[in-house]
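Asker: Pasting in a structure now, in structure tokens, and then I'll have a few things to ask.
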Amino acid sequence: MIYCVEDERNIRELIVYTLESSGYPTKGFETGKEFYKALEEQQPDLILLDLMLPGEDGMEILNRLKNSDVTKSIPVILVTAKGAEYDKVMGLDCGADDYITKPFGMMEFIARVRAVLRRTGREDKIDGDLESGDLKILIQKHQVLAGGLEVVLTLKEFELLKYLMENKGIVLSRDRILGHIWGYDFDGETRTVDVHIRTLRQKLGSYGELIKTIRGVGYKIGD
């Protein structure tokens with residue numbers, strides 16, 4: 001998944017359309033506030049960030065991302081009309097992986113996105129497959145493999161495992177999982193999450209041990 005934070009609607013929609021047409025799932029956001037809300041739900045594989053945004057500007061967002069242990073490893077490409085050498089140097093020094101100046105050709109844009117994904121080891125992941133050791137999710141096939149063997153899951157079990165693996169290493173609270181998988185208007189309770197985690201672990205067999213319980217908080221997969 002790629003996140004694009006761009007306040008100009010025409011540019012944002014063009015970027016999203018071009019990336020999705022090239023096989024990269026993409027979501028666009030007009031403001032940093034919308035972006036942060038989505039970030040709580042799902043970690044992207046790449047962030048495209050405009051510098052001149054309403055409210056918190058792109059450089060402030062970049063600094064916040066790179067100063068957080070949770071998001072500092074996510075690659076960021078700055079996409080902006082600010083083409084001065086000083087702005088480029090400052091952006092790269094603050095942790096951006098590339099700097100693309102508007103206006104730009106879409107073929108070059110896609111090539112540079114692909115280059116950053118390849119350089120940061122995320123090109124395969126963004127194609128849709130998720131993995132944690134020998135536990136794999138083939139997104140396009142809607143298939144789960146544990147040690148090479150297919151595991152048949154219900155839709156909610158599949159979505160739950162996918163959500164955990166998309167946020168590998170991050171502790172997800174029961175409320176957060178409940179809201180993401182069942183929706184914030186769901187009338188049930190957090191025990192629903194525990195029940196599904198239990199059945200998911202049972203179906204995964206020994207690989208169910210990859211799902212760690214964080215006492216008093218929730219669950220996670222990975223370190």
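Residues in the structure tokens are named by chain (A, B, ... in the order shown) and by number from 1 within that chain; ligands are numbered from 1 in the order shown.
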Looking only at the backbone, which of the residues in segment 14-133 of chain A does DSSP tag as strand (DSSP E or B), as a VMD selection string?
Answerer: chain A and resid 26 to 29 46 to 49 76 to 80 98 to 101 130 to 132
Asker: For segment 92-102 of chain A, find every residue with an atom within 7 Å (counting only C-alpha atoms), except residues of its own chain fewer than 2 positions away, and show them as number ranges by chain.
Answerer: A: 63, 66, 75-83, 88-90, 104, 116
Asker: Could you list, with a cut-off of 12 Å and counting only C-alpha atoms, the residues of segment 81-117 of chain A near segment 9-31 of chain A, each shown with its nearest atom pair and the distance in Å rounded to one decimal, rows sorted by chain and ascending number, as CSV?
Answerer:
```
residue,atom,partner,partner_atom,distance
A:Ala81,CA,A:Ile11,CA,11.5
A:Lys102,CA,A:Ile11,CA,9.8
A:Pro103,CA,A:Ile11,CA,9.8
A:Phe104,CA,A:Ile11,CA,10.8
A:Gly105,CA,A:Ile15,CA,10.9
A:Met106,CA,A:Thr18,CA,7.5
A:Met107,CA,A:Thr18,CA,9.3
A:Glu108,CA,A:Thr18,CA,11.7
A:Phe109,CA,A:Ile15,CA,9.1
A:Ile110,CA,A:Leu19,CA,7.1
A:Ala111,CA,A:Ser22,CA,10.5
A:Arg112,CA,A:Leu19,CA,11.7
A:Val113,CA,A:Leu19,CA,9.1
A:Arg114,CA,A:Tyr24,CA,9.7
A:Leu117,CA,A:Tyr24,CA,10.9
```
Asker: Would you write out those residues with N, CA, C and O atoms, as a PDB file, in the first residue's frame?
Answerer:
```
ATOM      1  N   ALA A  81       6.447  21.270  -5.386  1.00  0.00           N
ATOM      2  CA  ALA A  81       6.808  22.299  -6.352  1.00  0.00           C
ATOM      3  C   ALA A  81       8.036  23.089  -5.902  1.00  0.00           C
ATOM      4  O   ALA A  81       8.594  23.874  -6.665  1.00  0.00           O
ATOM      5  N   LYS A 102       7.693  18.978  -8.891  1.00  0.00           N
ATOM      6  CA  LYS A 102       6.595  19.217  -9.834  1.00  0.00           C
ATOM      7  C   LYS A 102       6.996  20.334 -10.803  1.00  0.00           C
ATOM      8  O   LYS A 102       7.683  21.270 -10.394  1.00  0.00           O
ATOM      9  N   PRO A 103       6.511  20.270 -12.051  1.00  0.00           N
ATOM     10  CA  PRO A 103       5.774  19.158 -12.670  1.00  0.00           C
ATOM     11  C   PRO A 103       6.725  18.028 -13.047  1.00  0.00           C
ATOM     12  O   PRO A 103       7.934  18.252 -13.215  1.00  0.00           O
ATOM     13  N   PHE A 104       6.196  16.834 -13.180  1.00  0.00           N
ATOM     14  CA  PHE A 104       7.040  15.684 -13.499  1.00  0.00           C
ATOM     15  C   PHE A 104       6.311  14.776 -14.478  1.00  0.00           C
ATOM     16  O   PHE A 104       5.080  14.781 -14.571  1.00  0.00           O
ATOM     17  N   GLY A 105       7.070  14.011 -15.223  1.00  0.00           N
ATOM     18  CA  GLY A 105       6.496  13.037 -16.149  1.00  0.00           C
ATOM     19  C   GLY A 105       6.118  11.783 -15.383  1.00  0.00           C
ATOM     20  O   GLY A 105       6.852  11.350 -14.488  1.00  0.00           O
ATOM     21  N   MET A 106       4.980  11.185 -15.716  1.00  0.00           N
ATOM     22  CA  MET A 106       4.487  10.047 -14.945  1.00  0.00           C
ATOM     23  C   MET A 106       5.341   8.802 -15.127  1.00  0.00           C
ATOM     24  O   MET A 106       5.470   7.989 -14.207  1.00  0.00           O
ATOM     25  N   MET A 107       5.968   8.629 -16.285  1.00  0.00           N
ATOM     26  CA  MET A 107       6.831   7.463 -16.483  1.00  0.00           C
ATOM     27  C   MET A 107       8.053   7.539 -15.567  1.00  0.00           C
ATOM     28  O   MET A 107       8.437   6.552 -14.939  1.00  0.00           O
ATOM     29  N   GLU A 108       8.638   8.736 -15.488  1.00  0.00           N
ATOM     30  CA  GLU A 108       9.780   8.904 -14.579  1.00  0.00           C
ATOM     31  C   GLU A 108       9.319   8.746 -13.128  1.00  0.00           C
ATOM     32  O   GLU A 108      10.016   8.139 -12.304  1.00  0.00           O
ATOM     33  N   PHE A 109       8.146   9.266 -12.826  1.00  0.00           N
ATOM     34  CA  PHE A 109       7.610   9.178 -11.472  1.00  0.00           C
ATOM     35  C   PHE A 109       7.477   7.718 -11.038  1.00  0.00           C
ATOM     36  O   PHE A 109       7.929   7.334  -9.958  1.00  0.00           O
ATOM     37  N   ILE A 110       6.869   6.895 -11.885  1.00  0.00           N
ATOM     38  CA  ILE A 110       6.691   5.476 -11.561  1.00  0.00           C
ATOM     39  C   ILE A 110       8.047   4.794 -11.415  1.00  0.00           C
ATOM     40  O   ILE A 110       8.251   3.966 -10.509  1.00  0.00           O
ATOM     41  N   ALA A 111       8.986   5.143 -12.280  1.00  0.00           N
ATOM     42  CA  ALA A 111      10.326   4.540 -12.220  1.00  0.00           C
ATOM     43  C   ALA A 111      11.008   4.863 -10.893  1.00  0.00           C
ATOM     44  O   ALA A 111      11.672   4.004 -10.295  1.00  0.00           O
ATOM     45  N   ARG A 112      10.833   6.073 -10.412  1.00  0.00           N
ATOM     46  CA  ARG A 112      11.485   6.471  -9.160  1.00  0.00           C
ATOM     47  C   ARG A 112      10.783   5.857  -7.951  1.00  0.00           C
ATOM     48  O   ARG A 112      11.437   5.509  -6.958  1.00  0.00           O
ATOM     49  N   VAL A 113       9.469   5.711  -8.021  1.00  0.00           N
ATOM     50  CA  VAL A 113       8.743   4.998  -6.971  1.00  0.00           C
ATOM     51  C   VAL A 113       9.231   3.552  -6.907  1.00  0.00           C
ATOM     52  O   VAL A 113       9.530   3.024  -5.836  1.00  0.00           O
ATOM     53  N   ARG A 114       9.330   2.931  -8.069  1.00  0.00           N
ATOM     54  CA  ARG A 114       9.777   1.533  -8.135  1.00  0.00           C
ATOM     55  C   ARG A 114      11.203   1.400  -7.600  1.00  0.00           C
ATOM     56  O   ARG A 114      11.530   0.435  -6.902  1.00  0.00           O
ATOM     57  N   LEU A 117      11.152   1.544  -3.764  1.00  0.00           N
ATOM     58  CA  LEU A 117      10.612   0.292  -3.227  1.00  0.00           C
ATOM     59  C   LEU A 117      11.630  -0.842  -3.346  1.00  0.00           C
ATOM     60  O   LEU A 117      11.793  -1.648  -2.430  1.00  0.00           O
TER      61      LEU A 117
END
```
Asker: What parts of segment 19-209 of chain A does DSSP call alpha helix (DSSP H)? I'd like the answer as a ChimeraX atom specification.
Answerer: /A:19-21,32-41,58-66,85-93,106-119,123-126,155-166,174-182,191-204
Asker: Report as a list in words all protein, DNA and RNA residues lying within 9 Å of His196 of chain A, evaluated on only C-alpha atoms, omitting residues in the same chain fewer than 3 positions from it.
Answerer: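 Final neighbour list, sorted by chain and number: Lys156, Glu157, Leu160, Arg191, Thr192, Val193, Thr199, Leu200 and Arg201 of chain A.
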Asker: Taking all heavy atoms for each residue, export the selection above as a PDB file, in the first residue's frame.
Answerer:
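Everything below was put into result_24.pdb:
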```pdb
ATOM      1  N   LYS A 156     -13.413 -13.375   8.386  1.00  0.00           N
ATOM      2  CA  LYS A 156     -12.957 -12.557   9.507  1.00  0.00           C
ATOM      3  C   LYS A 156     -11.595 -13.030  10.018  1.00  0.00           C
ATOM      4  O   LYS A 156     -10.754 -12.222  10.397  1.00  0.00           O
ATOM      5  CB  LYS A 156     -13.984 -12.575  10.650  1.00  0.00           C
ATOM      6  CG  LYS A 156     -15.269 -11.829  10.332  1.00  0.00           C
ATOM      7  CD  LYS A 156     -15.012 -10.374   9.979  1.00  0.00           C
ATOM      8  CE  LYS A 156     -16.313  -9.626   9.725  1.00  0.00           C
ATOM      9  NZ  LYS A 156     -16.070  -8.249   9.225  1.00  0.00           N
ATOM     10  N   GLU A 157     -11.373 -14.333  10.039  1.00  0.00           N
ATOM     11  CA  GLU A 157     -10.070 -14.857  10.466  1.00  0.00           C
ATOM     12  C   GLU A 157      -8.984 -14.409   9.500  1.00  0.00           C
ATOM     13  O   GLU A 157      -7.888 -14.025   9.913  1.00  0.00           O
ATOM     14  CB  GLU A 157     -10.119 -16.383  10.548  1.00  0.00           C
ATOM     15  CG  GLU A 157     -10.956 -16.908  11.706  1.00  0.00           C
ATOM     16  CD  GLU A 157     -11.281 -18.383  11.565  1.00  0.00           C
ATOM     17  OE1 GLU A 157     -10.971 -18.963  10.501  1.00  0.00           O
ATOM     18  OE2 GLU A 157     -11.855 -18.946  12.524  1.00  0.00           O
ATOM     19  N   LEU A 160      -8.329 -10.718  10.015  1.00  0.00           N
ATOM     20  CA  LEU A 160      -7.618 -10.525  11.274  1.00  0.00           C
ATOM     21  C   LEU A 160      -6.137 -10.843  11.118  1.00  0.00           C
ATOM     22  O   LEU A 160      -5.273 -10.064  11.542  1.00  0.00           O
ATOM     23  CB  LEU A 160      -8.247 -11.415  12.353  1.00  0.00           C
ATOM     24  CG  LEU A 160      -7.588 -11.430  13.732  1.00  0.00           C
ATOM     25  CD1 LEU A 160      -7.488 -10.026  14.308  1.00  0.00           C
ATOM     26  CD2 LEU A 160      -8.373 -12.341  14.678  1.00  0.00           C
ATOM     27  N   ARG A 191     -14.268  -9.147  23.506  1.00  0.00           N
ATOM     28  CA  ARG A 191     -14.128 -10.597  23.641  1.00  0.00           C
ATOM     29  C   ARG A 191     -14.232 -11.270  22.268  1.00  0.00           C
ATOM     30  O   ARG A 191     -13.680 -12.354  22.044  1.00  0.00           O
ATOM     31  CB  ARG A 191     -15.194 -11.142  24.599  1.00  0.00           C
ATOM     32  CG  ARG A 191     -15.170 -12.658  24.728  1.00  0.00           C
ATOM     33  CD  ARG A 191     -16.032 -13.156  25.876  1.00  0.00           C
ATOM     34  NE  ARG A 191     -16.210 -14.601  25.804  1.00  0.00           N
ATOM     35  CZ  ARG A 191     -15.273 -15.491  26.097  1.00  0.00           C
ATOM     36  NH1 ARG A 191     -14.082 -15.072  26.485  1.00  0.00           N
ATOM     37  NH2 ARG A 191     -15.510 -16.786  25.998  1.00  0.00           N
ATOM     38  N   THR A 192     -14.940 -10.628  21.341  1.00  0.00           N
ATOM     39  CA  THR A 192     -15.041 -11.145  19.972  1.00  0.00           C
ATOM     40  C   THR A 192     -13.652 -11.336  19.375  1.00  0.00           C
ATOM     41  O   THR A 192     -13.389 -12.324  18.684  1.00  0.00           O
ATOM     42  CB  THR A 192     -15.851 -10.164  19.096  1.00  0.00           C
ATOM     43  OG1 THR A 192     -17.158 -10.014  19.633  1.00  0.00           O
ATOM     44  CG2 THR A 192     -15.950 -10.657  17.664  1.00  0.00           C
ATOM     45  N   VAL A 193     -12.758 -10.386  19.641  1.00  0.00           N
ATOM     46  CA  VAL A 193     -11.384 -10.472  19.135  1.00  0.00           C
ATOM     47  C   VAL A 193     -10.679 -11.684  19.737  1.00  0.00           C
ATOM     48  O   VAL A 193     -10.031 -12.461  19.023  1.00  0.00           O
ATOM     49  CB  VAL A 193     -10.603  -9.181  19.456  1.00  0.00           C
ATOM     50  CG1 VAL A 193      -9.145  -9.323  19.009  1.00  0.00           C
ATOM     51  CG2 VAL A 193     -11.255  -7.976  18.786  1.00  0.00           C
ATOM     52  N   THR A 199      -9.411 -19.211  17.737  1.00  0.00           N
ATOM     53  CA  THR A 199      -9.689 -20.138  16.634  1.00  0.00           C
ATOM     54  C   THR A 199      -8.627 -20.006  15.534  1.00  0.00           C
ATOM     55  O   THR A 199      -8.257 -21.004  14.908  1.00  0.00           O
ATOM     56  CB  THR A 199     -11.085 -19.883  16.042  1.00  0.00           C
ATOM     57  OG1 THR A 199     -11.195 -18.526  15.594  1.00  0.00           O
ATOM     58  CG2 THR A 199     -12.158 -20.150  17.082  1.00  0.00           C
ATOM     59  N   LEU A 200      -8.124 -18.792  15.328  1.00  0.00           N
ATOM     60  CA  LEU A 200      -7.077 -18.577  14.335  1.00  0.00           C
ATOM     61  C   LEU A 200      -5.809 -19.326  14.730  1.00  0.00           C
ATOM     62  O   LEU A 200      -5.186 -20.007  13.900  1.00  0.00           O
ATOM     63  CB  LEU A 200      -6.792 -17.074  14.195  1.00  0.00           C
ATOM     64  CG  LEU A 200      -5.725 -16.642  13.186  1.00  0.00           C
ATOM     65  CD1 LEU A 200      -6.057 -17.158  11.794  1.00  0.00           C
ATOM     66  CD2 LEU A 200      -5.596 -15.119  13.171  1.00  0.00           C
ATOM     67  N   ARG A 201      -5.428 -19.239  15.992  1.00  0.00           N
ATOM     68  CA  ARG A 201      -4.250 -19.961  16.474  1.00  0.00           C
ATOM     69  C   ARG A 201      -4.424 -21.472  16.301  1.00  0.00           C
ATOM     70  O   ARG A 201      -3.487 -22.174  15.901  1.00  0.00           O
ATOM     71  CB  ARG A 201      -3.999 -19.623  17.946  1.00  0.00           C
ATOM     72  CG  ARG A 201      -3.321 -18.279  18.185  1.00  0.00           C
ATOM     73  CD  ARG A 201      -3.289 -17.972  19.656  1.00  0.00           C
ATOM     74  NE  ARG A 201      -2.419 -16.838  19.965  1.00  0.00           N
ATOM     75  CZ  ARG A 201      -2.517 -16.111  21.074  1.00  0.00           C
ATOM     76  NH1 ARG A 201      -3.455 -16.402  21.967  1.00  0.00           N
ATOM     77  NH2 ARG A 201      -1.685 -15.116  21.280  1.00  0.00           N
TER      78      ARG A 201
END
```
